[in-house]
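Content type TSV, C-alpha atoms, from the file entry-v6.tsv:
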chain	number	residue	atom	x	y	z
A	18	MET	CA	9.65	20.26	35.03
A	19	PRO	CA	6.29	19.82	36.81
A	20	LEU	CA	7.82	19.97	40.30
A	21	HIS	CA	9.74	23.16	39.50
A	22	ASP	CA	6.68	24.71	37.87
A	23	THR	CA	4.51	23.75	40.86
A	24	ALA	CA	7.01	25.34	43.25
A	25	LEU	CA	6.97	28.57	41.22
A	26	VAL	CA	3.17	28.78	41.16
A	27	TYR	CA	2.95	27.80	44.83
A	28	GLY	CA	5.46	30.47	45.84
A	29	ARG	CA	3.64	33.14	43.84
A	30	TYR	CA	0.28	32.49	45.46
A	31	LEU	CA	1.70	31.90	48.93
A	32	ARG	CA	3.37	35.32	48.82
A	33	GLN	CA	0.01	36.82	47.92
A	34	SER	CA	-1.58	35.13	50.93
A	35	LEU	CA	1.18	36.24	53.31
A	36	ARG	CA	0.68	39.86	52.22
A	37	SER	CA	-2.97	39.59	53.32
A	38	ARG	CA	-2.49	38.71	56.97
A	39	PHE	CA	-5.97	39.92	57.87
A	40	ALA	CA	-7.51	37.40	55.47
A	41	LEU	CA	-5.42	34.61	57.03
A	42	LEU	CA	-6.83	35.34	60.48
A	43	PHE	CA	-10.35	36.16	59.28
A	44	GLY	CA	-10.64	32.73	57.63
A	45	VAL	CA	-10.56	30.99	61.00
A	46	LEU	CA	-13.13	33.34	62.56
A	47	THR	CA	-16.29	31.30	61.87
A	48	PRO	CA	-15.08	27.98	63.36
A	49	LEU	CA	-13.54	29.94	66.23
A	50	LEU	CA	-16.91	31.51	66.99
A	51	TYR	CA	-18.49	28.04	66.97
A	52	LEU	CA	-15.77	26.92	69.36
A	53	VAL	CA	-16.28	29.79	71.80
A	54	PHE	CA	-20.06	30.14	71.74
A	55	PHE	CA	-21.28	26.66	70.77
A	56	GLY	CA	-18.69	24.45	72.44
A	57	PRO	CA	-19.61	25.31	76.06
A	58	LEU	CA	-23.24	24.37	75.36
A	59	LEU	CA	-22.17	20.78	74.69
A	60	THR	CA	-20.18	20.30	77.88
A	61	GLY	CA	-21.57	17.39	79.85
A	62	LEU	CA	-24.20	16.44	77.26
A	63	PRO	CA	-24.48	12.78	76.16
A	64	LEU	CA	-23.40	13.15	72.53
A	65	GLY	CA	-23.38	9.46	71.74
A	66	GLY	CA	-19.81	9.51	70.52
A	67	LYS	CA	-16.37	8.66	71.81
A	68	GLY	CA	-14.57	11.15	74.02
A	69	ASN	CA	-15.81	14.36	75.58
A	70	SER	CA	-17.62	17.23	73.91
A	71	TRP	CA	-14.41	18.96	72.76
A	72	GLN	CA	-13.16	15.75	71.14
A	73	VAL	CA	-16.45	15.61	69.24
A	74	LEU	CA	-16.72	19.28	68.27
A	75	VAL	CA	-13.15	20.23	67.34
A	76	PRO	CA	-12.66	17.57	64.61
A	77	GLY	CA	-15.88	18.76	63.01
A	78	LEU	CA	-14.75	22.38	63.13
A	79	LEU	CA	-11.41	21.48	61.57
A	80	LEU	CA	-13.11	19.84	58.61
A	81	GLN	CA	-15.64	22.68	58.44
A	82	LEU	CA	-12.67	25.01	58.01
A	83	GLY	CA	-11.44	23.00	55.04
A	84	LEU	CA	-14.91	22.42	53.61
A	85	PHE	CA	-16.07	26.03	53.41
A	86	GLY	CA	-12.69	27.60	52.75
A	87	ALA	CA	-11.70	25.27	49.92
A	88	LEU	CA	-15.09	25.25	48.24
A	89	PHE	CA	-15.01	29.03	47.83
A	90	ALA	CA	-11.42	29.07	46.53
A	91	GLY	CA	-12.71	29.17	42.96
A	92	PHE	CA	-13.79	32.79	43.37
A	93	THR	CA	-10.18	33.84	42.89
A	94	ILE	CA	-9.80	32.18	39.50
A	95	ILE	CA	-12.99	33.84	38.29
A	96	MET	CA	-11.43	37.20	39.12
A	97	GLU	CA	-8.13	36.17	37.52
A	98	ASN	CA	-9.99	35.21	34.35
A	99	ALA	CA	-11.67	38.60	34.28
A	100	GLN	CA	-8.33	40.39	34.77
A	101	GLY	CA	-6.54	38.37	32.10
A	102	VAL	CA	-4.17	36.64	34.53
A	103	VAL	CA	-5.17	33.16	33.38
A	104	GLU	CA	-4.75	34.16	29.75
A	105	ARG	CA	-1.20	35.39	30.40
A	106	MET	CA	-0.36	32.13	32.18
A	107	ARG	CA	-1.82	30.17	29.29
A	108	VAL	CA	0.89	31.33	26.90
A	109	THR	CA	3.74	30.28	29.22
A	110	PRO	CA	5.34	26.80	29.09
A	111	VAL	CA	4.30	26.09	32.70
A	112	SER	CA	2.68	22.69	33.21
A	113	ARG	CA	-1.11	22.78	33.44
A	114	LEU	CA	-0.93	20.38	36.38
A	115	ALA	CA	1.41	22.83	38.12
A	116	LEU	CA	-1.04	25.68	37.60
A	117	LEU	CA	-3.58	23.70	39.60
A	118	LEU	CA	-1.28	22.08	42.16
A	119	GLY	CA	0.48	25.33	43.00
A	120	ARG	CA	-2.86	26.90	43.87
A	121	VAL	CA	-4.28	24.01	45.89
A	122	LEU	CA	-1.04	23.45	47.80
A	123	ARG	CA	-1.11	27.13	48.77
A	124	ASP	CA	-4.70	26.67	49.97
A	125	ALA	CA	-3.73	23.58	51.97
A	126	THR	CA	-0.87	25.50	53.61
A	127	VAL	CA	-3.16	28.36	54.58
A	128	PHE	CA	-5.83	26.08	56.04
A	129	ILE	CA	-3.32	24.02	58.00
A	130	PHE	CA	-2.05	27.26	59.53
A	131	GLN	CA	-5.61	28.23	60.43
A	132	ALA	CA	-6.28	24.73	61.78
A	133	VAL	CA	-3.27	25.05	64.10
A	134	LEU	CA	-4.69	28.33	65.45
A	135	LEU	CA	-8.07	26.67	66.00
A	136	VAL	CA	-6.59	23.70	67.87
A	137	LEU	CA	-4.47	26.00	70.05
A	138	ALA	CA	-7.61	27.93	70.99
A	139	ALA	CA	-9.44	24.65	71.69
A	140	LEU	CA	-6.62	23.48	73.96
A	141	LEU	CA	-7.02	26.66	75.99
A	142	MET	CA	-10.74	25.95	76.32
A	143	GLY	CA	-10.30	22.39	77.55
A	144	LEU	CA	-9.57	20.11	74.60
A	145	ARG	CA	-7.37	17.16	75.47
A	146	ALA	CA	-6.22	14.99	72.58
A	147	PRO	CA	-3.08	12.95	71.81
A	148	LEU	CA	-0.52	14.64	69.57
A	149	PRO	CA	-0.66	11.87	66.90
A	150	GLY	CA	-4.43	12.35	66.74
A	151	ILE	CA	-4.06	16.10	66.28
A	152	LEU	CA	-1.52	15.58	63.49
A	153	ILE	CA	-3.81	13.07	61.79
A	154	GLY	CA	-6.55	15.70	61.92
A	155	PHE	CA	-4.27	18.17	60.13
A	156	ALA	CA	-3.55	15.55	57.46
A	157	PHE	CA	-7.27	15.06	56.81
A	158	VAL	CA	-7.78	18.83	56.57
A	159	ALA	CA	-4.97	19.01	54.01
A	160	LEU	CA	-6.45	16.20	51.89
A	161	LEU	CA	-9.94	17.68	52.07
A	162	THR	CA	-8.56	21.06	51.01
A	163	LEU	CA	-6.65	19.59	48.07
A	164	ALA	CA	-9.76	17.77	46.86
A	165	LEU	CA	-12.34	20.51	47.28
A	166	ALA	CA	-10.08	23.34	46.10
A	167	SER	CA	-9.33	21.36	42.92
A	168	LEU	CA	-13.05	20.97	42.21
A	169	SER	CA	-13.70	24.60	43.12
A	170	TYR	CA	-11.06	25.87	40.70
A	171	ALA	CA	-12.42	23.54	38.01
A	172	LEU	CA	-15.90	24.98	38.53
A	173	GLY	CA	-14.46	28.50	38.56
A	174	MET	CA	-13.00	27.84	35.10
A	175	LYS	CA	-16.44	26.86	33.82
A	176	VAL	CA	-18.56	29.75	35.12
A	177	ARG	CA	-18.17	33.38	34.12
A	178	THR	CA	-19.33	35.39	37.11
A	179	PRO	CA	-19.32	35.15	40.93
A	180	GLN	CA	-23.12	35.40	40.76
A	181	GLU	CA	-23.22	32.01	39.05
A	182	PHE	CA	-20.54	30.48	41.25
A	183	GLY	CA	-21.91	31.42	44.69
A	184	PRO	CA	-25.31	29.67	44.52
A	185	LEU	CA	-23.73	26.49	43.14
A	186	ILE	CA	-21.25	26.34	46.02
A	187	ASN	CA	-23.93	27.05	48.61
A	188	ALA	CA	-26.03	24.23	47.15
A	189	VAL	CA	-23.13	21.85	47.84
A	190	SER	CA	-21.75	23.21	51.10
A	191	MET	CA	-24.90	23.34	53.21
A	192	PRO	CA	-26.06	19.72	52.65
A	193	SER	CA	-22.45	18.61	53.10
A	194	MET	CA	-22.24	20.32	56.48
A	195	LEU	CA	-25.64	19.10	57.70
A	196	LEU	CA	-25.26	15.48	56.56
A	197	SER	CA	-21.63	14.89	57.53
A	198	GLY	CA	-22.12	15.41	61.26
A	199	LEU	CA	-19.67	18.30	61.55
A	200	MET	CA	-21.38	19.79	64.59
A	201	LEU	CA	-22.80	16.66	66.25
A	202	PRO	CA	-22.36	12.91	65.62
A	203	MET	CA	-24.88	11.51	63.17
A	204	THR	CA	-25.52	8.68	65.64
A	205	LEU	CA	-27.84	11.19	67.35
A	206	ALA	CA	-29.94	11.49	64.17
A	207	PRO	CA	-33.08	9.49	63.32
A	208	GLY	CA	-32.38	6.23	61.52
A	209	TRP	CA	-33.31	7.48	58.04
A	210	LEU	CA	-31.09	10.55	58.40
A	211	ASN	CA	-28.20	8.48	59.70
A	212	VAL	CA	-28.49	6.18	56.67
A	213	LEU	CA	-28.72	9.16	54.28
A	214	SER	CA	-25.60	10.69	55.79
A	215	ARG	CA	-23.59	7.60	54.85
A	216	LEU	CA	-23.90	8.70	51.22
A	217	MET	CA	-21.93	11.83	52.13
A	218	PRO	CA	-18.17	11.14	51.85
A	219	PHE	CA	-17.27	13.86	54.35
A	220	ARG	CA	-18.94	11.90	57.13
A	221	TYR	CA	-16.22	9.26	56.95
A	222	LEU	CA	-13.54	11.91	57.36
A	223	VAL	CA	-15.29	13.38	60.41
A	224	ASP	CA	-15.68	9.96	62.04
A	225	ALA	CA	-12.00	9.15	61.38
A	226	VAL	CA	-10.71	12.38	62.92
A	227	ARG	CA	-12.93	11.93	65.97
A	228	ASP	CA	-11.45	8.48	66.49
A	229	ALA	CA	-7.96	9.95	66.16
A	230	TYR	CA	-8.75	12.59	68.79
A	231	VAL	CA	-9.48	9.86	71.34
A	232	GLY	CA	-6.36	7.91	70.41
A	233	GLN	CA	-8.00	5.16	68.33
A	234	TYR	CA	-5.98	4.77	65.15
A	235	THR	CA	-6.87	1.28	63.89
A	236	THR	CA	-10.66	1.46	63.72
A	237	THR	CA	-12.86	0.88	60.68
A	238	HIS	CA	-13.73	4.59	60.78
A	239	MET	CA	-10.05	5.40	60.35
A	240	LEU	CA	-9.69	2.95	57.47
A	241	TYR	CA	-12.78	4.18	55.63
A	242	GLY	CA	-11.86	7.81	56.27
A	243	ALA	CA	-8.35	7.37	54.87
A	244	LEU	CA	-9.60	5.50	51.79
A	245	VAL	CA	-12.29	8.08	51.08
A	246	ALA	CA	-9.93	11.02	51.63
A	247	ILE	CA	-7.18	9.64	49.38
A	248	GLY	CA	-9.56	8.44	46.67
A	249	PHE	CA	-11.53	11.68	46.65
A	250	THR	CA	-8.32	13.72	46.46
A	251	VAL	CA	-6.91	11.73	43.53
A	252	LEU	CA	-10.22	11.95	41.66
A	253	SER	CA	-10.63	15.68	42.29
A	254	VAL	CA	-7.08	16.62	41.27
A	255	THR	CA	-7.51	14.52	38.10
A	256	VAL	CA	-10.77	16.29	37.24
A	257	GLY	CA	-9.30	19.70	38.05
A	258	THR	CA	-6.22	19.10	35.91
A	259	ARG	CA	-8.34	17.97	32.97
A	260	VAL	CA	-10.47	21.09	33.18
A	261	PHE	CA	-7.37	23.31	33.34
A	262	ARG	CA	-5.98	21.62	30.24
A	263	THR	CA	-9.15	21.73	28.17
A	264	ALA	CA	-9.96	25.28	29.23
A	265	GLY	CA	-6.46	26.40	28.26
A	266	ALA	CA	-5.60	27.59	31.75
Could you quickly redo this structure as structure tokens?
Amino acid sequence: MPLHDTALVYGRYLRQSLRSRFALLFGVLTPLLYLVFFGPLLTGLPLGGKGNSWQVLVPGLLLQLGLFGALFAGFTIIMENAQGVVERMRVTPVSRLALLLGRVLRDATVFIFQAVLLVLAALLMGLRAPLPGILIGFAFVALLTLALASLSYALGMKVRTPQEFGPLINAVSMPSMLLSGLMLPMTLAPGWLNVLSRLMPFRYLVDAVRDAYVGQYTTTHMLYGALVAIGFTVLSVTVGTRVFRTAGA
């Protein structure tokens, strides 16, 4: 059964992650450094958004965590291909959808754990946000992780070496970060850049989480963010599953 198969794959990869506790903590290091060294620079500045500087910065850092972490998830399947792990899984009766979902659900679990650590650190530094807003932020991180990890694994099945994979991911991740307003609201950007950023789906997620962090749950930003997140996740999982099936994963 797909659910049983997914649980088996999920448990296998989650146990691997739990054995590498250093990697769990190291994954949150980059956004934590932004929080500690970049956050205080924004205090008191007119950022053109709702809420204070922490309510602007922390949602961006949460989605940055999911963006960079999930995009690079495909490195692991490249190594598994090289070691013959994928080939051994291919001959089992496990559902191909489960082989993907088990992996991406593990990734979502790991990044939610890291997101909790980041928010706890932000609360110590001065973040004040309603609990429902914080939980909504975690939900967006989970959806972003499911979507991007699915695409990352699909790409990892198509390329043969990390040397091919790395530049492709960097070509996607950097424009995504710069045009989605992760660090600062795009309302501060020149008009042409603000318009260009609206072509980037991640911007709508960032705007939605920032609204949630100031307690606004029924805005158009929230609606567009939820629609984009759900639609992007469904599309990405569908693409990832198709690649797993056709590649014989």
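Relative to CA of Pro218 in chain A, CA of Phe54 in chain A is found at 27.6 Å.
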Exercise: range 91-102 of chain A partners within 6 Å, only C-alpha atoms, chain neighbours under 3 positions left out, as a VMD selection string: chain A and resid 105 169 to 170 173
Nearest-residue call for Pro147 in chain A, choices A:Thr236, A:Ser253, A:Gln72, A:Thr263, using all atoms listed in the file: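 That would be A:Gln72, the residue with the smallest distance to Pro147 in chain A.
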Pick from A:Val127, A:Ala146, A:Ala188, A:Leu137 nearest to Phe43 in chain A, counting all atoms listed in the file: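 Nearest to Phe43 in chain A: A:Val127.
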Nearest to Ser167 in chain A, chosen from A:Gly248, A:Gly257, A:Gly119, A:Gly242, with only C-alpha atoms counted in the distances: A:Gly257
Test item: residues at most 8 Å from Val75 in chain A, all atoms listed in the file, excluding those fewer than 3 positions along its chain, as a PyMOL selection string: chain A and resi 52+71-72+78-79+136+139
Among listed residues A:Val73, A:Val189, A:Ala90, A:Leu172, nearest Asp224 in chain A (using all atoms listed in the file): A:Val73
